[in-house]
>>> print(open('data15.cif').read())   # mmCIF, C-alpha atoms
data_target
loop_
_atom_site.label_atom_id
_atom_site.label_comp_id
_atom_site.auth_asym_id
_atom_site.auth_seq_id
_atom_site.Cartn_x
_atom_site.Cartn_y
_atom_site.Cartn_z
CA MET A 1 0.00 0.00 0.00
CA ARG A 2 1.09 3.56 -0.73
CA THR A 3 -0.97 6.12 1.15
CA ASN A 4 -0.65 8.75 -1.61
CA ASP A 5 -1.91 6.48 -4.40
CA GLN A 6 -4.84 7.74 -6.46
CA ILE A 7 -6.21 4.46 -7.81
CA HIS A 8 -8.70 4.34 -10.67
CA PHE A 9 -8.84 0.68 -11.70
CA CYS A 10 -11.16 -0.64 -14.43
CA PRO A 11 -10.60 -4.34 -15.11
CA PRO A 12 -12.96 -6.48 -17.20
CA ALA A 13 -16.17 -7.31 -15.36
CA ARG A 14 -15.40 -11.02 -15.67
CA VAL A 15 -12.02 -12.69 -16.22
CA ILE A 16 -12.05 -16.38 -17.14
CA LEU A 17 -8.63 -17.97 -17.49
CA GLY A 18 -7.95 -21.66 -17.94
CA CYS A 19 -7.30 -24.38 -20.47
CA GLY A 20 -10.50 -25.31 -22.29
CA SER A 21 -12.39 -22.38 -20.77
CA ARG A 22 -13.78 -21.38 -24.19
CA ALA A 23 -16.36 -24.15 -23.76
CA GLN A 24 -17.93 -22.17 -20.89
CA LEU A 25 -18.76 -19.13 -22.99
CA PRO A 26 -22.12 -20.06 -24.60
CA ALA A 27 -23.72 -21.03 -21.29
CA LEU A 28 -22.39 -17.88 -19.62
CA LEU A 29 -23.77 -15.63 -22.35
CA ALA A 30 -27.12 -17.39 -22.15
CA ARG A 31 -27.18 -16.90 -18.39
CA LEU A 32 -26.44 -13.19 -18.85
CA GLY A 33 -29.36 -12.89 -21.27
CA TYR A 34 -27.53 -12.27 -24.52
CA LYS A 35 -29.48 -13.29 -27.63
CA SER A 36 -27.92 -11.74 -30.74
CA GLY A 37 -24.24 -11.19 -31.42
CA VAL A 38 -21.52 -10.79 -34.00
CA LEU A 39 -18.27 -12.75 -33.84
CA VAL A 40 -15.32 -10.77 -35.24
CA THR A 41 -12.41 -12.90 -36.41
CA ASP A 42 -10.36 -13.68 -39.54
CA THR A 43 -10.29 -16.49 -42.06
CA PHE A 44 -7.52 -18.38 -40.29
CA PHE A 45 -9.71 -18.98 -37.27
CA SER A 46 -12.94 -19.46 -39.21
CA LYS A 47 -11.47 -21.82 -41.83
CA GLN A 48 -8.47 -23.53 -40.25
CA THR A 49 -9.55 -24.09 -36.66
CA PRO A 50 -12.70 -25.69 -35.22
CA TRP A 51 -13.20 -22.91 -32.69
CA VAL A 52 -15.69 -20.74 -34.57
CA LYS A 53 -17.95 -23.66 -35.54
CA GLU A 54 -17.77 -25.11 -32.03
CA TYR A 55 -18.93 -21.81 -30.58
CA ILE A 56 -21.67 -21.20 -33.15
CA ASP A 57 -23.12 -24.70 -32.70
CA ALA A 58 -23.12 -24.46 -28.89
CA ALA A 59 -24.52 -20.92 -28.85
CA THR A 60 -27.25 -21.76 -31.36
CA ALA A 61 -28.35 -24.69 -29.20
CA LEU A 62 -28.89 -22.20 -26.37
CA GLY A 63 -30.88 -19.76 -28.51
CA ILE A 64 -28.07 -17.28 -29.22
CA GLU A 65 -27.93 -16.07 -32.84
CA THR A 66 -24.50 -15.09 -34.16
CA VAL A 67 -23.35 -13.34 -37.32
CA VAL A 68 -19.72 -14.13 -38.22
CA PHE A 69 -17.48 -11.43 -39.64
CA GLU A 70 -14.25 -13.09 -40.82
CA GLY A 71 -12.61 -10.09 -42.49
CA GLY A 72 -10.20 -9.21 -39.69
CA LYS A 73 -6.71 -8.18 -40.82
CA PRO A 74 -3.40 -7.23 -39.16
CA ASP A 75 -3.28 -3.52 -38.26
CA PRO A 76 -6.95 -2.80 -39.05
CA THR A 77 -7.76 0.48 -40.74
CA THR A 78 -10.58 2.95 -40.29
CA THR A 79 -11.74 1.94 -43.77
CA LEU A 80 -11.91 -1.73 -42.76
CA CYS A 81 -13.96 -0.79 -39.70
CA ASP A 82 -16.43 1.25 -41.74
CA ASP A 83 -16.75 -1.48 -44.39
CA ALA A 84 -17.26 -4.11 -41.69
CA THR A 85 -19.91 -1.94 -40.05
CA GLN A 86 -21.93 -1.76 -43.24
CA GLU A 87 -21.47 -5.45 -44.08
CA ILE A 88 -22.59 -6.61 -40.64
CA ARG A 89 -25.56 -4.23 -40.50
CA SER A 90 -26.62 -5.46 -43.95
CA LYS A 91 -26.51 -9.08 -42.78
CA LEU A 92 -28.61 -8.19 -39.74
CA SER A 93 -31.41 -6.66 -41.85
CA GLY A 94 -32.46 -4.39 -39.00
CA LYS A 95 -32.11 -6.94 -36.21
CA LYS A 96 -30.55 -5.43 -33.08
CA LEU A 97 -27.31 -6.79 -31.67
CA ASP A 98 -26.71 -7.09 -27.95
CA HIS A 99 -23.03 -8.17 -27.89
CA VAL A 100 -19.82 -8.44 -29.89
CA ILE A 101 -17.28 -11.28 -29.59
CA ALA A 102 -13.65 -10.90 -30.68
CA LEU A 103 -11.57 -13.98 -31.47
CA GLY A 104 -7.97 -13.42 -32.44
CA GLY A 105 -4.93 -11.34 -31.65
CA GLY A 106 -4.82 -7.67 -30.77
CA SER A 107 -5.81 -6.58 -34.28
CA ASN A 108 -9.10 -8.49 -34.24
CA ILE A 109 -9.87 -7.28 -30.72
CA ASP A 110 -9.13 -3.67 -31.70
CA LEU A 111 -11.45 -3.95 -34.70
CA ALA A 112 -14.18 -5.46 -32.53
CA LYS A 113 -13.84 -2.66 -29.98
CA ALA A 114 -14.32 -0.06 -32.68
CA LEU A 115 -17.32 -1.96 -34.04
CA CYS A 116 -18.89 -1.80 -30.59
CA VAL A 117 -19.44 1.94 -31.12
CA THR A 118 -20.06 1.99 -34.89
CA LEU A 119 -22.56 -0.87 -35.20
CA PRO A 120 -25.46 0.55 -33.13
CA ASP A 121 -26.09 3.50 -35.49
CA GLY A 122 -23.80 2.78 -38.46
CA LYS A 123 -21.71 5.91 -37.93
CA PRO A 124 -18.17 6.10 -39.38
CA VAL A 125 -15.46 5.33 -36.86
CA LYS A 126 -13.73 8.69 -37.38
CA GLN A 127 -16.56 10.25 -35.39
CA PHE A 128 -15.25 8.40 -32.36
CA ILE A 129 -11.49 9.00 -32.72
CA GLY A 130 -9.72 10.16 -29.56
CA ALA A 131 -10.90 10.22 -25.99
CA LEU A 132 -14.68 10.24 -26.15
CA PRO A 133 -16.21 13.30 -24.43
CA ALA A 134 -19.09 11.25 -23.06
CA ALA A 135 -19.57 7.51 -22.88
CA PRO A 136 -21.35 6.55 -26.11
CA HIS A 137 -23.85 3.81 -26.62
CA ALA A 138 -21.54 0.84 -27.07
CA LEU A 139 -22.24 -2.86 -27.40
CA PRO A 140 -20.75 -5.13 -24.71
CA LEU A 141 -17.56 -6.83 -25.85
CA ILE A 142 -16.39 -10.36 -25.09
CA ALA A 143 -12.69 -10.82 -25.92
CA LEU A 144 -11.01 -14.16 -26.62
CA PRO A 145 -7.29 -13.48 -27.25
CA THR A 146 -5.39 -16.08 -29.24
CA THR A 147 -1.90 -14.72 -28.53
CA ALA A 148 -0.10 -14.16 -25.22
CA GLY A 149 1.00 -10.58 -25.49
CA THR A 150 -1.22 -7.70 -26.55
CA GLY A 151 -3.46 -7.61 -23.48
CA SER A 152 -6.25 -5.96 -25.49
CA GLU A 153 -8.78 -7.96 -23.50
CA ALA A 154 -8.22 -5.61 -20.53
CA THR A 155 -7.62 -2.19 -22.07
CA PRO A 156 -9.84 0.79 -23.00
CA GLY A 157 -8.50 1.58 -26.45
CA ALA A 158 -8.95 0.42 -30.03
CA ILE A 159 -5.95 1.20 -32.24
CA LEU A 160 -6.63 1.64 -35.97
CA ILE A 161 -4.64 2.98 -38.91
CA ASP A 162 -5.94 5.97 -40.83
CA PRO A 163 -5.02 5.09 -44.45
CA SER A 164 -5.23 8.74 -45.52
CA ASN A 165 -1.97 9.49 -43.68
CA ALA A 166 -0.79 6.04 -42.49
CA THR A 167 -0.89 7.12 -38.84
CA LYS A 168 -2.30 5.19 -35.90
CA VAL A 169 -5.42 6.60 -34.29
CA ALA A 170 -7.30 5.46 -31.22
CA VAL A 171 -10.87 5.22 -30.02
CA MET A 172 -10.47 5.50 -26.27
CA ASP A 173 -12.97 5.04 -23.43
CA ASN A 174 -13.53 2.69 -20.53
CA VAL A 175 -16.82 1.68 -22.16
CA LEU A 176 -14.67 -0.29 -24.63
CA ARG A 177 -13.15 -2.53 -21.97
CA PRO A 178 -14.48 -6.06 -22.48
CA VAL A 179 -17.22 -7.16 -20.13
CA ILE A 180 -15.77 -10.68 -20.39
CA ALA A 181 -12.10 -11.48 -20.95
CA LEU A 182 -11.82 -15.19 -21.65
CA ILE A 183 -8.20 -16.34 -21.82
CA ASP A 184 -7.87 -19.93 -22.95
CA PRO A 185 -4.14 -20.79 -23.19
CA GLU A 186 -4.98 -23.57 -25.67
CA PHE A 187 -5.64 -20.85 -28.27
CA THR A 188 -1.91 -20.05 -28.20
CA TYR A 189 -0.57 -23.60 -28.59
CA THR A 190 -0.27 -23.35 -32.38
CA CYS A 191 1.33 -19.89 -32.49
CA PRO A 192 4.51 -20.05 -34.62
CA PRO A 193 7.84 -18.97 -33.06
CA ARG A 194 7.80 -15.48 -34.66
CA VAL A 195 4.33 -14.69 -33.31
CA THR A 196 5.29 -16.20 -29.95
CA ALA A 197 8.37 -13.98 -29.77
CA ASP A 198 6.62 -10.77 -30.84
CA SER A 199 3.63 -11.22 -28.57
CA GLY A 200 5.71 -12.45 -25.64
CA VAL A 201 8.10 -9.50 -25.73
CA ASP A 202 5.05 -7.24 -26.00
CA ALA A 203 3.76 -8.69 -22.72
CA LEU A 204 7.17 -8.18 -21.10
CA THR A 205 7.26 -4.58 -22.36
CA HIS A 206 3.78 -3.88 -20.98
CA ALA A 207 4.77 -5.23 -17.59
CA LEU A 208 8.14 -3.48 -17.36
CA GLU A 209 6.96 -0.17 -18.75
CA SER A 210 3.93 0.06 -16.47
CA TYR A 211 6.05 -1.04 -13.48
CA VAL A 212 8.29 2.02 -13.86
CA THR A 213 5.87 4.58 -15.29
CA LEU A 214 4.66 7.80 -13.69
CA ASP A 215 3.01 7.45 -10.29
CA SER A 216 -0.74 7.83 -9.92
CA PHE A 217 -0.38 10.84 -7.64
CA GLU A 218 1.62 12.67 -10.33
CA PHE A 219 -0.34 11.53 -13.37
CA ASP A 220 -2.20 14.21 -15.35
CA ARG A 221 -5.80 13.03 -15.72
CA SER A 222 -6.85 16.39 -17.23
CA GLY A 223 -9.83 16.48 -14.89
CA HIS A 224 -11.38 13.41 -16.52
CA PRO A 225 -13.83 11.71 -14.12
CA ASP A 226 -13.28 8.30 -15.73
CA PRO A 227 -9.73 8.22 -17.15
CA GLY A 228 -8.61 5.29 -19.25
CA TYR A 229 -5.11 5.49 -17.77
CA SER A 230 -4.15 7.01 -14.43
CA GLY A 231 -0.55 6.14 -13.54
CA ARG A 232 1.01 3.29 -11.62
CA SER A 233 -0.17 2.36 -8.15
CA SER A 234 0.56 -0.34 -5.62
CA LEU A 235 -2.26 -2.33 -7.23
CA THR A 236 -0.97 -2.15 -10.82
CA MET A 237 2.57 -2.84 -9.62
CA LEU A 238 1.44 -6.13 -8.06
CA PHE A 239 0.22 -7.34 -11.43
CA ALA A 240 3.30 -6.00 -13.23
CA HIS A 241 5.71 -7.69 -10.83
CA GLN A 242 4.01 -11.04 -11.27
CA ALA A 243 3.93 -10.64 -15.05
CA ILE A 244 7.66 -9.85 -15.18
CA ASP A 245 8.40 -12.91 -13.06
CA LEU A 246 6.37 -15.14 -15.40
CA CYS A 247 8.01 -13.65 -18.52
CA ALA A 248 11.46 -14.21 -17.04
CA ARG A 249 10.59 -17.87 -16.47
CA PHE A 250 8.57 -18.75 -19.54
CA LEU A 251 9.15 -16.39 -22.50
CA MET A 252 12.25 -18.12 -23.86
CA ARG A 253 10.76 -21.55 -23.14
CA THR A 254 7.71 -20.88 -25.32
CA TYR A 255 9.90 -19.53 -28.10
CA HIS A 256 12.22 -22.52 -28.15
CA ASP A 257 9.50 -25.15 -27.63
CA GLY A 258 5.95 -24.28 -28.61
CA SER A 259 4.75 -27.64 -27.27
CA ASP A 260 5.81 -26.69 -23.71
CA THR A 261 2.29 -26.33 -22.33
CA GLU A 262 3.42 -25.17 -18.88
CA ALA A 263 5.28 -22.29 -20.53
CA ARG A 264 2.33 -21.49 -22.81
CA ILE A 265 0.01 -21.30 -19.81
CA GLY A 266 2.56 -19.23 -17.92
CA MET A 267 2.75 -16.69 -20.74
CA ALA A 268 -1.05 -16.53 -20.98
CA TYR A 269 -1.09 -15.52 -17.30
CA ALA A 270 1.82 -13.12 -17.85
CA SER A 271 0.08 -11.41 -20.74
CA HIS A 272 -3.15 -10.86 -18.82
CA TYR A 273 -1.44 -9.73 -15.62
CA ALA A 274 0.61 -7.27 -17.68
CA ALA A 275 -2.62 -6.03 -19.26
CA LEU A 276 -4.21 -5.49 -15.85
CA SER A 277 -1.16 -3.41 -14.95
CA TYR A 278 -0.74 -1.26 -18.05
CA GLY A 279 -4.50 -1.13 -18.67
CA GLY A 280 -4.69 1.05 -15.56
CA ALA A 281 -1.24 2.54 -15.17
CA GLY A 282 -0.55 3.34 -18.81
CA LEU A 283 2.75 3.24 -20.69
CA ASN A 284 5.44 5.73 -21.70
CA ALA A 285 8.65 6.00 -23.74
CA VAL A 286 9.03 2.45 -25.10
CA HIS A 287 5.67 2.54 -26.85
CA GLY A 288 5.94 6.24 -27.63
CA ILE A 289 9.20 5.80 -29.54
CA ALA A 290 8.20 2.40 -30.93
CA TYR A 291 5.20 3.97 -32.69
CA ALA A 292 7.59 6.32 -34.51
CA VAL A 293 9.95 3.42 -35.33
CA ALA A 294 7.04 1.47 -36.79
CA GLY A 295 6.11 4.45 -38.94
CA LEU A 296 9.57 4.34 -40.53
CA THR A 297 10.15 0.60 -40.72
CA HIS A 298 6.65 -0.99 -40.82
CA GLN A 299 8.03 -3.71 -38.55
CA SER A 300 5.76 -5.55 -36.10
CA HIS A 301 4.59 -3.90 -32.90
CA GLY A 302 6.39 -6.44 -30.72
CA SER A 303 9.68 -5.97 -32.57
CA THR A 304 9.60 -2.17 -32.45
CA ASN A 305 8.88 -2.30 -28.72
CA ALA A 306 11.67 -4.80 -28.23
CA VAL A 307 14.36 -2.77 -29.96
CA MET A 308 13.64 0.22 -27.69
CA LEU A 309 13.07 -1.58 -24.38
CA PRO A 310 16.72 -2.00 -23.16
CA TYR A 311 17.60 1.63 -23.92
CA VAL A 312 14.54 3.08 -22.17
CA ILE A 313 15.18 0.91 -19.11
CA ASP A 314 18.83 2.04 -19.18
CA ALA A 315 17.69 5.66 -19.04
CA LEU A 316 15.72 4.96 -15.82
CA ARG A 317 18.58 3.45 -13.80
CA VAL A 318 18.59 6.45 -11.45
CA THR A 319 14.92 7.47 -11.21
CA ARG A 320 13.67 3.88 -10.90
CA HIS A 321 16.68 2.27 -9.20
CA LYS A 322 14.73 0.35 -6.53
CA GLU A 323 12.24 -1.11 -9.00
CA LEU A 324 14.95 -2.12 -11.46
CA VAL A 325 16.86 -3.93 -8.73
CA GLU A 326 13.72 -6.00 -8.14
CA VAL A 327 13.37 -6.68 -11.88
CA ALA A 328 17.03 -7.69 -12.12
CA ARG A 329 16.55 -10.20 -9.31
CA LEU A 330 13.61 -11.74 -11.15
CA PHE A 331 15.89 -12.29 -14.13
CA GLY A 332 18.51 -13.97 -11.96
CA LEU A 333 20.98 -11.12 -11.49
CA ASP A 334 21.91 -11.75 -7.87
CA GLY A 335 25.08 -9.72 -7.31
CA LYS A 336 25.46 -7.80 -4.04
CA ASP A 337 26.31 -4.50 -5.74
CA GLU A 338 22.88 -3.07 -6.61
CA GLN A 339 24.38 -0.38 -8.83
CA GLN A 340 26.10 -3.01 -10.90
CA VAL A 341 23.01 -5.22 -11.03
CA VAL A 342 20.88 -2.37 -12.38
CA GLN A 343 23.56 -1.58 -14.94
CA GLN A 344 23.58 -5.21 -16.08
CA LEU A 345 19.80 -5.40 -16.57
CA PRO A 346 19.51 -3.50 -19.89
CA ALA A 347 22.25 -5.67 -21.42
CA LEU A 348 20.44 -8.80 -20.23
CA LEU A 349 17.23 -7.58 -21.84
CA ARG A 350 19.05 -6.81 -25.08
CA ASP A 351 20.59 -10.29 -25.11
CA LEU A 352 17.13 -11.81 -24.58
CA ILE A 353 15.75 -9.82 -27.49
CA ALA A 354 18.62 -10.94 -29.72
CA GLN A 355 17.89 -14.56 -28.77
CA LEU A 356 14.31 -13.99 -29.95
CA GLY A 357 15.67 -13.11 -33.39
CA ILE A 358 14.77 -9.42 -33.14
CA PRO A 359 17.22 -6.64 -34.15
CA THR A 360 18.71 -4.87 -31.13
CA THR A 361 19.60 -1.48 -32.67
CA LEU A 362 17.77 1.02 -34.82
CA LYS A 363 20.67 0.82 -37.24
CA ASP A 364 19.98 -2.89 -37.69
CA PHE A 365 16.35 -1.98 -38.41
CA GLY A 366 17.55 0.02 -41.39
CA ILE A 367 17.05 3.47 -39.90
CA ALA A 368 19.64 6.03 -41.04
CA GLN A 369 21.28 8.37 -38.54
CA GLU A 370 19.92 11.43 -40.33
CA GLN A 371 16.38 10.13 -39.65
CA LEU A 372 16.82 10.23 -35.88
CA PRO A 373 15.79 13.87 -35.21
CA ALA A 374 12.49 13.38 -37.06
CA LEU A 375 11.96 10.09 -35.24
CA VAL A 376 12.38 11.85 -31.87
CA GLU A 377 9.97 14.58 -32.95
CA ASP A 378 7.35 12.02 -33.98
CA ALA A 379 7.78 10.12 -30.71
CA LEU A 380 7.36 13.28 -28.60
CA ALA A 381 4.19 14.05 -30.55
CA VAL A 382 2.56 11.10 -28.77
CA THR A 383 2.08 13.39 -25.80
CA ARG A 384 0.02 10.98 -23.69
CA LEU A 385 3.03 8.66 -23.48
CA ALA A 386 5.72 11.33 -23.31
CA LYS A 387 4.03 13.02 -20.33
CA ALA A 388 4.08 9.74 -18.42
CA PHE A 389 7.85 9.20 -18.73
CA PRO A 390 9.25 9.73 -15.21
CA VAL A 391 12.27 11.94 -16.00
CA ALA A 392 12.83 15.68 -15.64
CA ASP A 393 13.84 16.37 -19.27
CA VAL A 394 11.63 14.20 -21.46
CA ALA A 395 12.69 15.67 -24.80
CA GLY A 396 16.40 15.50 -24.01
CA THR A 397 16.11 11.97 -22.65
CA TYR A 398 14.16 10.80 -25.71
CA ALA A 399 16.94 12.16 -27.92
CA LYS A 400 19.63 10.33 -25.93
CA ILE A 401 17.64 7.09 -25.92
CA VAL A 402 17.13 7.18 -29.68
CA GLN A 403 20.79 7.94 -30.36
CA ARG A 404 21.94 5.11 -28.10
CA ALA A 405 19.37 2.74 -29.58
CA TRP A 406 20.77 3.51 -33.02
CA ALA A 407 24.41 3.00 -32.03
CA GLY A 408 23.81 0.22 -29.47
CA GLY A 409 25.18 2.14 -26.48
CA LEU A 410 24.31 1.00 -22.95
CA GLY A 411 25.57 1.61 -19.46
CA THR A 412 26.52 5.27 -19.72
CA THR A 413 25.11 8.15 -17.68
#
>>> encode(input="data15.cif", output="structure tokens")
Amino acid sequence: MRTNDQIHFCPPARVILGCGSRAQLPALLARLGYKSGVLVTDTFFSKQTPWVKEYIDAATALGIETVVFEGGKPDPTTTLCDDATQEIRSKLSGKKLDHVIALGGGSNIDLAKALCVTLPDGKPVKQFIGALPAAPHALPLIALPTTAGTGSEATPGAILIDPSNATKVAVMDNVLRPVIALIDPEFTYTCPPRVTADSGVDALTHALESYVTLDSFEFDRSGHPDPGYSGRSSLTMLFAHQAIDLCARFLMRTYHDGSDTEARIGMAYASHYAALSYGGAGLNAVHGIAYAVAGLTHQSHGSTNAVMLPYVIDALRVTRHKELVEVARLFGLDGKDEQQVVQQLPALLRDLIAQLGIPTTLKDFGIAQEQLPALVEDALAVTRLAKAFPVADVAGTYAKIVQRAWAGGLGTT
């Protein structure tokens, strides 16, 4: 407990986590009175797994009608959302929906979140971009993540790409948090190594970044009575600490052996615990700079987070010394000299990322040195994340982090 915490915690109304737990969903929805839904997924899950048919058959037997939208794509766009809205409403022929189900990774869940606000009236999603001034009429969302990493099943935002300028935009409100987060680790058993690595390092980034982010009593909520993010607290740090511990134990195991079910289950827990942490505390420089890196390189979200993570952690060795000692211990750095242990942690993280087959410098990502000033400017433009970085000189620190991430420099003050 910290007596100066200002906790504003909005987890999913129901969290169901366990192997085979997907079989519980139809009966639960029937008990809650749901009758008409849309299942948002992609053709991999609808055509190459039995999961969609199993759900539809069981739900139909209980009187729940379901429209399937299988047009989900990686990095969904505002155009995709608007097209999906019209396609689904056409299939419904005026019938009212009372819930939306998302099956897939973070992209499918983000699309489903956006559809929760566009489907009721058929409005274009651009009308909902940004923090919503008042909670709109939104359909309840049930999220079934199939990767262990994004944590979208516990967060208030839907991230889309605006194809007119290739930038990421967000629909953001606590009304978008799923009413049911159903995490069945068996969904992740067939994830290939690259997806396992990208999603796993995303979970680790969420946990680490939220563990060291700005404190709740310093966080700028801009007077919002129901903020989506509100800074770290003793509560979010409990979840983050546990998630880091699980990632330290199981991330490399899942990458090297996808059939290691104990590790798969461990990472499913890690991903959700990390989501419960960052879904309340928020994030900062890793994601802020990674968004700019992705804009230049079009590399995956997990990879762009990973390349920045060691350098951001390195920049916090003074302001978050105590927390980073605890993280270092979880990763097995047990030296008596705490200063040395904290200095070793960023290098350990960089070595882990290299073992996952992810580039460890911006130079290796193909970014030229002359592109760095613009990259810093773009990263600072994500003000929500920049304001949450717990250093005195955010702009100067961002510039140093980016330069060191390009050259591969660690361990300097």
>>> residues_around(input="data15.cif", residues="A:Ser164", least_positions_apart="2", cutoff="10 Å", atoms="all atoms listed in the file", output="list in words")
Thr77, Thr78, Thr79, Ile161, Asp162, Ala166 and Thr167 of chain A
>>> residues_around(input="data15.cif", residues="A:Ala392", least_positions_apart="4", cutoff="10 Å", atoms="all atoms listed in the file", output="PyMOL selection string")
chain A and resi 319+396-397
>>> closest_residue(input="data15.cif", among="A:Ile313, A:Val169, A:Leu238, A:Ala388", to="A:Asp215", atoms="only C-alpha atoms")
A:Ala388
>>> residues_around(input="data15.cif", residues="stretch 207-209 of chain A", least_positions_apart="2", cutoff="6 Å", atoms="all atoms listed in the file", output="list of chain:residue names")
A:Leu204, A:Thr205, A:Tyr211, A:Val212, A:Thr213, A:Ala240, A:Ile244, A:Ala274, A:Leu283
>>> write_last_selection(input="data15.cif", atoms="C-alpha atoms", output="compact mmCIF listing (two decimals), keeping the file's coordinate frame")
# COMPACT_ATOMS: atom_id res chain seq x y z
CA LEU A 204 7.17 -8.18 -21.10
CA THR A 205 7.26 -4.58 -22.36
CA TYR A 211 6.05 -1.04 -13.48
CA VAL A 212 8.29 2.02 -13.86
CA THR A 213 5.87 4.58 -15.29
CA ALA A 240 3.30 -6.00 -13.23
CA ILE A 244 7.66 -9.85 -15.18
CA ALA A 274 0.61 -7.27 -17.68
CA LEU A 283 2.75 3.24 -20.69
>>> residues_near_point(input="data15.cif", point="(25.2, 3.2, -26.8)", cutoff="12 Å", atoms="all atoms listed in the file", output="VMD selection string")
chain A and resid 308 310 to 312 314 to 315 346 to 347 350 360 to 363 400 to 413
>>> residues_around(input="data15.cif", residues="stretch 245-250 of chain A", least_positions_apart="6", cutoff="9 Å", atoms="only C-alpha atoms", output="number ranges by chain")
A: 200-201, 203-204, 262-267, 269-271, 327, 330-332
>>> atom_distance(input="data15.cif", atom1="atom CA of A:Ile56", atom2="atom CA of A:His137")
25.9 Å
